[in-house]
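Below: data.txt (compact mmCIF, C-alpha atoms)
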```txt
# COMPACT_ATOMS: atom_id res chain seq x y z
CA MET A 1 -57.45 109.55 59.39
CA ALA A 2 -56.56 112.18 61.96
CA ALA A 3 -59.49 114.12 63.37
CA GLU A 4 -59.91 117.45 61.64
CA ASP A 5 -59.88 120.49 63.87
CA VAL A 6 -61.86 123.23 62.14
CA LYS A 7 -62.82 126.49 63.83
CA LEU A 8 -64.27 129.66 62.38
CA LEU A 9 -63.78 133.03 64.06
CA SER A 10 -66.98 134.79 63.10
CA PHE A 11 -69.46 137.57 63.75
CA TRP A 12 -73.14 136.76 63.23
CA ALA A 13 -74.04 139.88 61.21
CA SER A 14 -71.00 139.92 58.93
CA PRO A 15 -71.70 139.09 55.28
CA PHE A 16 -68.06 138.02 54.94
CA ALA A 17 -68.37 135.53 57.78
CA MET A 18 -71.57 134.24 56.15
CA ARG A 19 -69.53 133.33 53.04
CA ALA A 20 -67.21 131.15 55.14
CA ILE A 21 -70.15 129.45 56.90
CA LEU A 22 -71.90 128.79 53.56
CA ALA A 23 -68.73 127.19 52.20
CA LEU A 24 -68.26 124.92 55.23
CA GLU A 25 -71.95 123.95 55.31
CA ALA A 26 -72.02 123.25 51.56
CA LYS A 27 -69.05 120.90 51.97
CA GLY A 28 -70.54 119.23 55.02
CA VAL A 29 -67.44 120.04 57.09
CA LYS A 30 -67.80 119.82 60.87
CA TYR A 31 -66.58 123.04 62.47
CA GLU A 32 -66.72 124.98 65.72
CA LEU A 33 -68.18 128.46 65.33
CA ILE A 34 -66.47 130.98 67.62
CA GLU A 35 -68.53 134.12 67.87
CA GLU A 36 -66.29 137.17 68.29
CA THR A 37 -67.52 140.20 70.17
CA LEU A 38 -65.11 142.44 68.21
CA ASN A 39 -64.97 145.04 70.98
CA PRO A 40 -62.47 144.17 72.30
CA LYS A 41 -61.02 141.79 69.74
CA SER A 42 -59.95 138.46 71.18
CA GLN A 43 -56.30 137.46 71.54
CA LEU A 44 -57.01 134.53 69.21
CA LEU A 45 -58.30 136.89 66.50
CA LEU A 46 -55.36 139.27 66.85
CA GLU A 47 -52.91 136.38 66.63
CA SER A 48 -54.70 134.62 63.77
CA ASN A 49 -55.11 137.70 61.57
CA PRO A 50 -52.38 140.15 62.59
CA VAL A 51 -52.50 141.97 59.23
CA TYR A 52 -56.18 142.95 59.21
CA LYS A 53 -57.43 141.90 62.69
CA LYS A 54 -60.80 141.05 61.12
CA ILE A 55 -63.20 138.15 60.95
CA PRO A 56 -63.77 135.72 59.36
CA VAL A 57 -60.68 133.63 60.05
CA LEU A 58 -60.70 129.89 59.43
CA LEU A 59 -58.47 127.80 61.70
CA HIS A 60 -57.77 124.37 60.23
CA ASN A 61 -55.60 122.14 62.40
CA GLY A 62 -54.17 125.32 63.91
CA LYS A 63 -53.38 127.05 60.61
CA ALA A 64 -55.09 130.41 60.13
CA ILE A 65 -56.68 131.49 56.86
CA PRO A 66 -58.19 135.03 56.76
CA GLU A 67 -60.15 136.92 54.06
CA SER A 68 -63.56 135.52 53.12
CA LEU A 69 -62.86 134.67 49.47
CA VAL A 70 -59.45 133.14 50.29
CA ILE A 71 -61.29 131.00 52.89
CA VAL A 72 -63.96 129.88 50.39
CA LEU A 73 -61.28 128.89 47.86
CA TYR A 74 -59.35 127.07 50.59
CA VAL A 75 -62.44 125.14 51.71
CA ASP A 76 -63.04 124.05 48.11
CA GLU A 77 -59.43 122.87 47.74
CA ALA A 78 -58.98 121.32 51.20
CA TRP A 79 -62.11 119.18 50.79
CA PRO A 80 -61.99 118.48 47.05
CA GLU A 81 -63.86 115.19 47.16
CA ARG A 82 -67.27 116.77 47.77
CA ALA A 83 -69.52 119.45 46.27
CA GLY A 84 -67.00 121.32 44.06
CA PHE A 85 -67.48 125.08 43.86
CA PHE A 86 -66.17 125.46 40.30
CA PRO A 87 -66.70 124.03 36.83
CA LYS A 88 -63.87 121.87 35.45
CA ASP A 89 -63.02 123.93 32.38
CA PRO A 90 -60.28 126.53 33.10
CA TYR A 91 -61.99 129.24 31.04
CA ALA A 92 -65.31 128.74 32.84
CA ARG A 93 -63.39 128.84 36.14
CA ALA A 94 -61.81 132.15 35.15
CA MET A 95 -65.29 133.50 34.37
CA ILE A 96 -66.54 132.44 37.80
CA HIS A 97 -63.58 134.33 39.34
CA PHE A 98 -64.49 137.32 37.17
CA TRP A 99 -68.10 137.39 38.36
CA SER A 100 -67.09 136.89 41.99
CA ASP A 101 -64.66 139.80 41.72
CA PHE A 102 -67.49 141.83 40.13
CA ILE A 103 -69.87 140.91 42.95
CA ASP A 104 -67.29 141.98 45.55
CA LYS A 105 -66.32 145.31 43.94
CA LYS A 106 -69.44 146.34 42.02
CA ILE A 107 -72.24 144.99 44.19
CA PHE A 108 -71.09 144.84 47.83
CA GLU A 109 -68.73 147.84 47.81
CA VAL A 110 -71.18 150.03 45.91
CA ALA A 111 -74.12 148.96 48.12
CA PHE A 112 -72.21 149.88 51.31
CA ARG A 113 -71.18 153.16 49.69
CA ALA A 114 -74.80 153.91 48.78
CA ALA A 115 -75.96 153.03 52.31
CA LYS A 116 -73.44 155.38 53.93
CA ALA A 117 -73.72 158.29 51.49
CA LYS A 118 -76.18 161.17 51.40
CA GLY A 119 -77.73 163.40 48.75
CA GLU A 120 -76.19 163.41 45.26
CA GLU A 121 -73.47 160.95 46.21
CA LYS A 122 -76.12 158.50 47.40
CA GLU A 123 -78.20 158.90 44.24
CA ALA A 124 -75.13 158.29 42.05
CA ALA A 125 -74.20 155.14 44.00
CA LEU A 126 -77.80 153.84 43.85
CA LYS A 127 -77.88 154.32 40.07
CA GLU A 128 -74.49 152.64 39.71
CA LEU A 129 -75.66 149.68 41.82
CA TYR A 130 -78.86 149.31 39.80
CA ASP A 131 -76.86 149.19 36.55
CA ASN A 132 -74.41 146.71 38.11
CA PHE A 133 -77.30 144.38 38.99
CA LEU A 134 -78.37 144.43 35.35
CA THR A 135 -74.80 143.55 34.39
CA LEU A 136 -74.82 140.73 36.96
CA GLU A 137 -78.03 139.43 35.35
CA SER A 138 -76.05 139.04 32.11
CA GLY A 139 -73.54 136.94 34.06
CA PHE A 140 -76.33 134.66 35.28
CA ILE A 141 -77.50 134.31 31.67
CA LYS A 142 -73.99 133.50 30.35
CA PHE A 143 -73.72 130.68 32.89
CA ASP A 144 -77.29 129.53 32.22
CA ALA A 145 -77.76 129.70 35.99
CA LYS A 146 -80.25 127.09 37.21
CA PRO A 147 -80.68 128.91 39.55
CA PHE A 148 -77.06 129.16 40.73
CA PHE A 149 -73.89 129.95 38.77
CA ASN A 150 -72.83 126.44 39.81
CA GLY A 151 -76.05 124.83 38.55
CA SER A 152 -78.32 123.22 41.11
CA SER A 153 -75.73 123.42 43.90
CA ILE A 154 -74.01 126.53 45.20
CA GLY A 155 -70.50 127.38 44.08
CA TYR A 156 -67.92 130.10 44.49
CA ALA A 157 -69.79 132.96 42.81
CA ASP A 158 -73.06 131.99 44.52
CA ILE A 159 -71.36 131.93 47.94
CA CYS A 160 -69.80 135.30 47.18
CA LEU A 161 -73.20 136.84 46.37
CA ALA A 162 -75.46 135.01 48.83
CA PRO A 163 -74.89 137.20 51.93
CA PHE A 164 -76.19 140.17 49.94
CA VAL A 165 -79.55 138.38 50.00
CA ALA A 166 -79.39 138.14 53.80
CA TRP A 167 -78.74 141.90 53.93
CA LEU A 168 -81.38 142.69 51.29
CA PRO A 169 -84.08 143.85 53.74
CA ILE A 170 -81.61 146.31 55.24
CA PHE A 171 -80.35 147.56 51.91
CA VAL A 172 -83.83 148.01 50.49
CA ASP A 173 -85.82 149.27 53.50
CA LEU A 174 -83.22 151.20 55.44
CA ALA A 175 -80.76 152.28 52.75
CA GLY A 176 -83.10 152.96 49.86
CA ILE A 177 -81.41 150.51 47.53
CA ARG A 178 -83.50 149.59 44.48
CA LEU A 179 -83.16 146.22 42.80
CA PRO A 180 -84.19 145.65 39.18
CA THR A 181 -87.65 144.10 38.88
CA ALA A 182 -88.27 140.39 38.29
CA GLU A 183 -89.02 141.25 34.64
CA GLU A 184 -85.72 143.10 34.23
CA ALA A 185 -83.60 140.55 36.13
CA PRO A 186 -85.41 137.19 36.31
CA HIS A 187 -82.30 135.14 37.09
CA LEU A 188 -81.32 137.44 39.95
CA HIS A 189 -84.78 137.10 41.45
CA LYS A 190 -84.73 133.29 41.04
CA PHE A 191 -81.33 133.29 42.76
CA THR A 192 -82.54 135.31 45.75
CA GLY A 193 -85.56 133.02 46.18
CA ALA A 194 -83.51 129.85 45.87
CA ILE A 195 -80.65 130.86 48.17
CA ARG A 196 -83.04 131.70 51.01
CA GLU A 197 -84.31 128.10 50.89
CA HIS A 198 -80.86 126.55 50.73
CA PRO A 199 -79.94 124.49 53.83
CA ALA A 200 -76.53 126.22 54.09
CA ALA A 201 -78.21 129.63 54.15
CA LYS A 202 -80.61 128.49 56.89
CA VAL A 203 -77.48 128.10 59.05
CA ALA A 204 -75.49 131.07 57.77
CA PHE A 205 -78.16 133.77 57.50
CA PRO A 206 -79.04 135.44 60.80
CA ASP A 207 -82.58 136.09 61.98
CA GLU A 208 -83.92 138.95 59.86
CA GLU A 209 -85.37 140.98 62.75
CA LYS A 210 -82.10 140.75 64.68
CA LEU A 211 -80.17 141.83 61.59
CA VAL A 212 -82.46 144.78 60.88
CA ALA A 213 -82.12 145.96 64.50
CA PHE A 214 -78.34 145.69 64.29
CA SER A 215 -78.17 147.49 60.96
CA ARG A 216 -80.28 150.39 62.28
CA ILE A 217 -77.50 151.00 64.79
CA LEU A 218 -74.86 150.70 62.05
CA LEU A 219 -76.62 153.04 59.67
CA HIS A 220 -77.20 155.55 62.47
CA ARG A 221 -73.51 155.37 63.33
CA TRP A 222 -72.50 155.90 59.71
CA ALA A 223 -74.92 158.82 59.27
CA SER A 224 -73.74 160.65 62.39
CA SER A 225 -70.05 160.25 61.60
CA THR A 226 -70.22 162.48 58.48
CA MET B 1 -50.14 130.45 11.84
CA ALA B 2 -51.99 133.11 13.86
CA PRO B 3 -50.96 133.15 17.52
CA GLU B 4 -53.59 131.68 19.77
CA LEU B 5 -52.66 134.13 22.51
CA LYS B 6 -53.00 137.90 22.46
CA LEU B 7 -52.64 140.40 25.26
CA LEU B 8 -54.31 143.81 25.20
CA SER B 9 -51.76 145.79 27.13
CA LEU B 10 -50.27 149.13 28.11
CA TRP B 11 -46.48 149.33 28.41
CA ALA B 12 -46.65 151.38 31.63
CA SER B 13 -49.19 149.19 33.44
CA PRO B 14 -47.86 146.94 36.21
CA TYR B 15 -51.07 144.90 35.91
CA CYS B 16 -50.15 144.01 32.32
CA MET B 17 -46.56 143.28 33.39
CA ARG B 18 -47.89 140.64 35.79
CA VAL B 19 -49.41 138.74 32.87
CA ALA B 20 -46.25 139.05 30.77
CA ILE B 21 -44.17 137.65 33.65
CA ALA B 22 -46.54 134.70 34.06
CA LEU B 23 -46.41 133.95 30.32
CA ASN B 24 -42.60 134.13 30.42
CA MET B 25 -42.53 131.64 33.32
CA LYS B 26 -44.65 129.30 31.22
CA LYS B 27 -42.48 129.89 28.14
CA VAL B 28 -45.60 130.68 26.12
CA GLN B 29 -45.57 133.03 23.11
CA CYS B 30 -48.10 135.84 23.01
CA GLU B 31 -48.90 138.70 20.65
CA VAL B 32 -48.96 141.98 22.60
CA ILE B 33 -51.39 144.63 21.36
CA GLU B 34 -50.61 148.04 22.79
CA GLU B 35 -53.73 150.05 23.73
CA ASP B 36 -54.10 153.81 23.92
CA LEU B 37 -56.27 154.28 27.01
CA ARG B 38 -57.36 157.78 25.95
CA ASN B 39 -58.73 156.21 22.77
CA LYS B 40 -59.78 152.69 23.71
CA SER B 41 -59.99 150.27 20.82
CA ASP B 42 -63.28 148.65 19.77
CA LEU B 43 -61.64 145.33 20.56
CA LEU B 44 -60.95 146.32 24.18
CA ILE B 45 -64.49 147.61 24.71
CA LYS B 46 -65.95 144.50 23.10
CA LEU B 47 -63.81 142.04 25.10
CA ASN B 48 -63.94 143.83 28.45
CA PRO B 49 -67.29 145.63 28.35
CA VAL B 50 -67.68 145.61 32.12
CA HIS B 51 -64.41 147.29 33.12
CA LYS B 52 -62.97 148.49 29.75
CA LYS B 53 -59.46 148.00 31.20
CA VAL B 54 -56.21 146.30 30.34
CA PRO B 55 -54.85 143.69 30.67
CA VAL B 56 -57.13 141.40 28.67
CA LEU B 57 -55.72 138.03 27.66
CA ILE B 58 -57.37 136.56 24.58
CA HIS B 59 -56.92 132.79 24.37
CA ASN B 60 -58.35 131.14 21.28
CA GLY B 61 -60.63 134.15 20.88
CA LYS B 62 -61.93 134.07 24.45
CA PRO B 63 -61.15 137.06 26.72
CA ILE B 64 -59.99 136.86 30.33
CA CYS B 65 -59.79 140.07 32.40
CA GLU B 66 -58.30 141.14 35.77
CA SER B 67 -54.59 140.45 36.25
CA LEU B 68 -54.86 138.08 39.24
CA ILE B 69 -57.53 136.03 37.47
CA ILE B 70 -55.45 135.92 34.26
CA VAL B 71 -52.34 134.73 36.14
CA GLU B 72 -54.28 131.88 37.84
CA TYR B 73 -55.79 130.97 34.46
CA VAL B 74 -52.36 130.85 32.81
CA ASP B 75 -51.11 128.68 35.68
CA GLU B 76 -53.99 126.22 35.15
CA VAL B 77 -53.83 126.05 31.37
CA TRP B 78 -50.03 125.51 31.29
CA PRO B 79 -49.38 123.41 34.39
CA GLU B 80 -45.96 122.33 35.62
CA ASP B 81 -44.22 119.78 33.45
CA GLY B 82 -40.58 119.15 32.58
CA THR B 83 -40.25 122.48 30.79
CA ARG B 84 -42.22 124.92 32.91
CA GLN B 85 -42.77 125.60 36.60
CA ALA B 86 -46.00 125.95 38.56
CA ILE B 87 -46.84 129.45 39.79
CA LEU B 88 -49.13 128.40 42.65
CA PRO B 89 -48.13 125.38 44.76
CA LYS B 90 -50.22 122.21 45.16
CA ASP B 91 -50.85 122.42 48.90
CA ALA B 92 -54.19 124.10 49.73
CA TYR B 93 -52.84 126.04 52.72
CA CYS B 94 -49.78 127.32 50.81
CA ARG B 95 -52.10 128.38 47.97
CA ALA B 96 -54.30 130.24 50.46
CA MET B 97 -51.28 132.07 51.91
CA GLU B 98 -50.02 133.08 48.45
CA ARG B 99 -53.51 134.31 47.50
CA PHE B 100 -53.74 136.24 50.77
CA TRP B 101 -50.47 138.11 50.15
CA ALA B 102 -51.24 138.64 46.46
CA ASP B 103 -54.56 140.19 47.50
CA PHE B 104 -52.79 142.34 50.14
CA ILE B 105 -50.31 143.62 47.53
CA ASP B 106 -53.12 144.28 45.05
CA LYS B 107 -55.23 146.21 47.59
CA LYS B 108 -52.71 147.76 49.99
CA ILE B 109 -49.51 148.33 48.00
CA PHE B 110 -50.37 149.21 44.40
CA PRO B 111 -53.37 151.52 44.96
CA PRO B 112 -51.63 153.76 47.55
CA ALA B 113 -48.53 153.80 45.32
CA TYR B 114 -50.68 154.86 42.37
CA PHE B 115 -52.42 157.61 44.34
CA ALA B 116 -49.07 158.79 45.73
CA LEU B 117 -47.94 159.20 42.11
CA ARG B 118 -51.12 160.82 40.82
CA LYS B 119 -52.58 162.92 43.64
CA GLN B 120 -51.62 166.18 45.33
CA GLY B 121 -51.95 167.71 48.80
CA ASP B 122 -53.79 165.83 51.56
CA GLU B 123 -54.85 163.00 49.28
CA GLN B 124 -51.23 162.37 48.33
CA GLN B 125 -50.08 162.56 51.95
CA LYS B 126 -52.65 159.95 52.99
CA ALA B 127 -51.60 157.68 50.11
CA ILE B 128 -47.93 158.02 51.09
CA ALA B 129 -48.71 157.15 54.72
CA ASP B 130 -50.80 154.14 53.65
CA PHE B 131 -48.02 152.97 51.34
CA TYR B 132 -45.36 153.09 54.06
CA GLU B 133 -47.64 151.23 56.49
CA SER B 134 -48.29 148.45 53.99
CA TYR B 135 -44.66 148.29 52.87
CA ALA B 136 -43.56 147.65 56.46
CA ILE B 137 -46.08 144.81 56.75
CA LEU B 138 -44.80 143.36 53.47
CA GLU B 139 -41.19 143.52 54.71
CA GLY B 140 -42.31 141.58 57.78
CA ALA B 141 -43.94 138.94 55.61
CA LEU B 142 -40.88 138.53 53.39
CA ALA B 143 -38.61 138.34 56.44
CA LYS B 144 -40.49 135.16 57.43
CA VAL B 145 -39.47 133.42 54.17
CA SER B 146 -36.27 131.63 55.08
CA GLU B 147 -34.98 131.07 51.54
CA LYS B 148 -33.91 134.23 49.69
CA PRO B 149 -34.55 136.43 47.80
CA PHE B 150 -38.15 135.93 46.60
CA PHE B 151 -41.48 135.15 48.30
CA GLY B 152 -41.09 131.81 46.51
CA GLY B 153 -37.54 131.42 47.89
CA LYS B 154 -35.14 130.83 45.02
CA LYS B 155 -38.02 130.67 42.53
CA LEU B 156 -40.85 133.09 41.76
CA ASN B 157 -44.29 132.24 43.14
CA PHE B 158 -47.75 133.82 42.73
CA VAL B 159 -46.93 136.60 45.21
CA ASP B 160 -43.79 137.48 43.25
CA VAL B 161 -45.65 137.67 39.93
CA ILE B 162 -48.10 140.14 41.50
CA LEU B 163 -45.44 142.22 43.30
CA ALA B 164 -42.46 142.29 40.89
CA PRO B 165 -43.78 145.10 38.62
CA LEU B 166 -43.57 147.53 41.56
CA ALA B 167 -39.83 147.59 40.79
CA CYS B 168 -40.35 149.98 37.87
CA TRP B 169 -42.32 152.43 40.05
CA LEU B 170 -39.69 152.84 42.78
CA LEU B 171 -37.84 155.67 41.03
CA ALA B 172 -41.12 157.46 40.23
CA LEU B 173 -42.25 157.07 43.86
CA GLU B 174 -39.03 158.71 45.03
CA GLU B 175 -39.03 161.53 42.47
CA LEU B 176 -42.73 162.41 42.53
CA ALA B 177 -43.86 161.46 46.04
CA GLY B 178 -40.69 161.55 48.08
CA ILE B 179 -41.14 157.89 48.99
CA ASN B 180 -37.75 156.38 49.59
CA VAL B 181 -37.81 152.66 50.26
CA ASN B 182 -34.28 152.09 49.07
CA LYS B 183 -33.10 152.57 52.65
CA CYS B 184 -31.80 149.05 53.06
CA GLU B 185 -31.60 149.38 56.87
CA SER B 186 -35.39 149.82 57.09
CA TYR B 187 -36.38 147.31 54.42
CA PRO B 188 -33.47 144.87 54.08
CA ARG B 189 -35.39 141.99 52.52
CA LEU B 190 -37.43 144.12 50.10
CA CYS B 191 -34.29 145.99 49.02
CA GLU B 192 -32.62 142.71 48.17
CA TYR B 193 -35.88 141.54 46.59
CA PHE B 194 -36.23 144.34 44.08
CA LYS B 195 -32.54 144.19 43.10
CA ALA B 196 -32.87 140.47 42.41
CA VAL B 197 -36.30 140.41 40.76
CA ARG B 198 -35.25 142.89 38.06
CA GLU B 199 -32.55 140.43 36.97
CA HIS B 200 -34.84 137.39 36.89
CA PRO B 201 -35.12 136.07 33.33
CA ALA B 202 -38.95 136.05 33.44
CA VAL B 203 -39.03 139.68 34.61
CA ALA B 204 -36.04 141.46 33.04
CA ASN B 205 -37.49 142.04 29.57
CA VAL B 206 -40.94 142.92 30.93
CA LEU B 207 -40.08 145.93 33.10
CA PRO B 208 -39.87 149.25 31.26
CA ASP B 209 -37.04 151.64 32.04
CA ASP B 210 -37.53 153.30 35.46
CA LYS B 211 -36.95 156.78 34.04
CA LYS B 212 -39.49 156.22 31.29
CA GLU B 213 -42.05 155.16 33.92
CA SER B 214 -41.27 158.20 36.08
CA GLU B 215 -41.58 160.50 33.06
CA HIS B 216 -44.94 158.88 32.22
CA PHE B 217 -46.28 159.77 35.66
CA ARG B 218 -44.70 163.22 35.60
CA LYS B 219 -46.63 163.93 32.39
CA LEU B 220 -49.88 162.66 33.95
CA ARG B 221 -49.39 164.90 37.00
CA ASN B 222 -48.90 167.92 34.80
CA LEU B 223 -52.09 167.36 32.79
```

In C-alpha cells, write the structure found in this file.
Amino acid sequence: MAAEDVKLLSFWASPFAMRAILALEAKGVKYELIEETLNPKSQLLLESNPVYKKIPVLLHNGKAIPESLVIVLYVDEAWPERAGFFPKDPYARAMIHFWSDFIDKKIFEVAFRAAKAKGEEKEAALKELYDNFLTLESGFIKFDAKPFFNGSSIGYADICLAPFVAWLPIFVDLAGIRLPTAEEAPHLHKFTGAIREHPAAKVAFPDEEKLVAFSRILLHRWASST
Amino acid sequence: MAPELKLLSLWASPYCMRVAIALNMKKVQCEVIEEDLRNKSDLLIKLNPVHKKVPVLIHNGKPICESLIIVEYVDEVWPEDGTRQAILPKDAYCRAMERFWADFIDKKIFPPAYFALRKQGDEQQKAIADFYESYAILEGALAKVSEKPFFGGKKLNFVDVILAPLACWLLALEELAGINVNKCESYPRLCEYFKAVREHPAVANVLPDDKKESEHFRKLRNL
C-alpha cells in the first residue's frame, strides 16, 4: 500500500483545528502537524484554502480539504475501517448531524458572541447560551450518552463539541459564561470530565495557561475594537 | 395506505425546495404539508422544537430537520440502484468537495441574498456586496467543472440540489435589490447553469413562479 501523506495546517489555539486533530488522533492516522503563524499566512495555506484562507486545512496525498466539520467527515470516510464516528442507522446518523449543527450554531457561535459583546447584548447572549446548554443536555439524553454521543468512544458530535471544553476556562473566567450545574446537566458535566481524560484530547488541547494568556489578548482586542 | 413520507414545507422557501428536488431525484412520493409561518402548527413545534423551522421531513413518524441534513439522509435511505441516482458520490475526497461547496452556498450565497431582499439602507448594501463577492467565487468554482452545465456535470450532484432553488430568487434580487447576475459576460457558467437547472425534470415542478416569489418578498418588505 502506498505511504499515506497526511498534513494538517493548524493553529494551536483554534478550536476548529482541535476538531481536525481529535479526528486524526481518534483514527490513529499518522500526520504531520504544520503550525501556521497566520500573520502573514503561508503560501501553502493561501493555495490550499483560497476561498477562506483559514486553518484547519487537511492535506491528504496533496489534496486539500478545508472547513473543520468537512475534515472530520472526510477523516471518518477516508479511514472507514477503524473507530467509526457515526452509528449505522441512517436516522441516528441524521440526529448526530443535527446535534453537531446545533453545537456549531447554538453553542460555539453564541459563546463567541457573548464573549465579544457588552452590556445588554452580552446578557442576552449569556442567557441564550445557558438555555442552549440545557437543550444540548436533552440531546445527550436522547442518545443515552455514555459519556459520549458515540458511546464509549468519541464520534462526530463529540469531536464537534470537545474543543469547547478546552476553551471552557476562558469562556467561564474571562467571558463570564455560565454553564448549567451538574444537577441541571449531568450528561454535559460527565462529557466535559471524560473528554479531558481522552488520549486524543491530551494531544489536541493546548496547555491551559498558554491558552488563557492567548485569549486575554484576544478578548482585549475584541473589547477595544467596539 | 398512508404515505410514509411527509414534508412540512413553505412554498416560497428555497430550503424546502432542496428537499423536494432530492425526493424527485430519488423518485420517492411525499405528502407536502404547507405551513403558515406566522401561525406555526402544533405539529411543526412538536417535531422541530429546537428551531421551529421548515423544512421538516417526517419519515415513518420520525422528524429530520435542516435541509442539508435531510438531503444527505434521503441520499442514504434511497441509495443508487437501477432506478435512482446517487446524490453524493462514493469517493471520500469528492464527497468532501461537494460538502464544502454546499456549505459555502448555504453560508455565503443564500443568507446575503435573503438579507438583500429583506433589508434596507446600509444593511442591504452590505448584503448586496457580500452576495456579489460570493457569486464571483461560485462562478470560479463552476468554471473548473469541465462537463456542463451543472456542478455534477451532466447530472445533478449535492451542490446542485443545494444551489438550484436560487433560480427562483433571481428576478426578486433584480427587482428589489438591483442585483443583476444575468449579465452572461460576467457570469457565463452560472448564467448557463440557471437556464438549464430550471428545465431539469427534478427541479422544474419544484420552483415557484419567479414573479410570485418576487411579489412574496415585496409584500414582506412593505410590512

Shortest interatomic distance to Ile55 of chain A - which of A:Met95, A:Leu8, A:Leu161, A:Val72, counting all atoms listed in the file: A:Leu8

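Distance annotation: of A:Ala111, A:Ala157, A:Leu69, A:Ala117, the residue with the minimal separation from chain B is A:Leu69; atom set is only C-alpha atoms.
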
Option closest in space to chain B, from A:Pro40, A:Pro50, A:Gly155, A:Pro15 [counting only C-alpha atoms]: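 Closest residue, counting only C-alpha atoms: A:Pro50.
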
Long-range neighbours of Ala143 of chain B as an MDAnalysis selection string, 9 Å cut-off, all atoms listed in the file, 4 positions minimum in chain: chainID B and resid 138:139 188:190

Between chain A and chain B, at 8 Å or less, what are the per-residue closest atom pairs and their distances in Å? Count all atoms listed in the file, order by chain and rising residue number, and return it as a tab-separated table.
```
residue	atom	partner	partner_atom	distance
A:Val51	CA	B:Ile137	CA	7.4
A:Lys63	CA	B:Tyr93	CA	8.0
A:Ile65	CA	B:Ala96	CA	6.9
A:Pro66	CA	B:Phe100	CA	7.6
A:Glu67	CA	B:Phe100	CA	7.2
A:Val70	CA	B:Ala96	CA	5.9
A:Ile71	CA	B:Ala96	CA	7.4
A:Leu73	CA	B:Ala96	CA	7.6
A:Tyr74	CA	B:Ala96	CA	6.0
A:Glu77	CA	B:Ala92	CA	5.7
A:Ala78	CA	B:Ala92	CA	5.7
A:Pro90	CA	B:Tyr73	CA	6.5
A:Tyr91	CA	B:Tyr73	CA	7.3
A:Ala94	CA	B:Tyr73	CA	6.2
A:Met95	CA	B:Ile64	CA	7.5
A:His97	CA	B:Ile69	CA	6.6
A:Phe98	CA	B:Ile69	CA	7.1
A:Thr135	CA	B:Val50	CA	7.8
```

Can you write out as a Markdown table which residues of segment 91-206 of chain B fall within 8 Å of segment 16-19 of chain B, alongside each residue's closest atom pair and its distance in Å to one decimal, counting only C-alpha atoms and ordering rows by chain and ascending residue number?
```
| residue | atom | partner | partner_atom | distance |
| --- | --- | --- | --- | --- |
| B:Val161 | CA | B:Arg18 | CA | 5.6 |
| B:Ile162 | CA | B:Arg18 | CA | 5.7 |
| B:Ala164 | CA | B:Arg18 | CA | 7.6 |
| B:Pro165 | CA | B:Met17 | CA | 6.2 |
| B:Val206 | CA | B:Met17 | CA | 6.1 |
```

Grab the residues selected above and save them as a CSV table (one decimal), in the coordinates of the input with C-alpha atoms.
```csv
chain,number,residue,atom,x,y,z
B,161,VAL,CA,-45.6,137.7,39.9
B,162,ILE,CA,-48.1,140.1,41.5
B,164,ALA,CA,-42.5,142.3,40.9
B,165,PRO,CA,-43.8,145.1,38.6
B,206,VAL,CA,-40.9,142.9,30.9
```

Exercise: Lys190 of chain A partners within 10 Å, only C-alpha atoms, chain neighbours under 3 positions left out, as a ChimeraX atom specification: /A:145-148,182,185-187,193-195

Shell of 12 Å around Ser42 of chain A, only C-alpha atoms, local chain residues under 5 positions omitted, as JSON, numbers by chain: {"A": [9, 10, 34, 35, 36, 37, 47, 48, 49, 50, 53, 54, 55]}

For atom CA of Ala64 of chain A and atom CA of Ala200 of chain A, the interatomic separation in Å (one decimal):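 We find that atom CA of Ala64 of chain A and atom CA of Ala200 of chain A lie 22.7 Å from each other.
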
A:Cys160, A:Arg178, A:Ser152, A:Gly119 ranked by distance to Trp99 of chain A, top pick (using only C-alpha atoms): A:Cys160

Shell of 12 Å around Leu47 of chain B, only C-alpha atoms, local chain residues under 4 positions omitted, as a PyMOL selection string: chain B and resi 6-8+40-43+51-59+61-65

Surrounding residues of Arg216 of chain A excluding itself and chain neighbours under 5 positions, 10 Å, only C-alpha atoms, as a ChimeraX atom specification: /A:170,174-175,211,221-222

Point-to-point distance from atom CA of Leu134 of chain A to atom CA of His198 of chain A, Å rounded to tenths: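 Between these atoms lies a distance of 23.7 Å.
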
Atom CA of Asp76 of chain A to atom CA of Gly140 of chain B, distance in Å rounded to a single decimal: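 It comes out at 28.8 Å.
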
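With only C-alpha atoms as the atoms that count, the residue of A:Ala20, A:Ala92, A:Ala125, A:Val29 with the shortest distance to Lys106 of chain A is A:Ala125.
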
Residue nearest Asn61 of chain A among A:Phe102, A:Tyr31, A:Phe86, A:Trp12 (counting all atoms listed in the file):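 For Asn61 of chain A, the nearest of the given residues is A:Tyr31.
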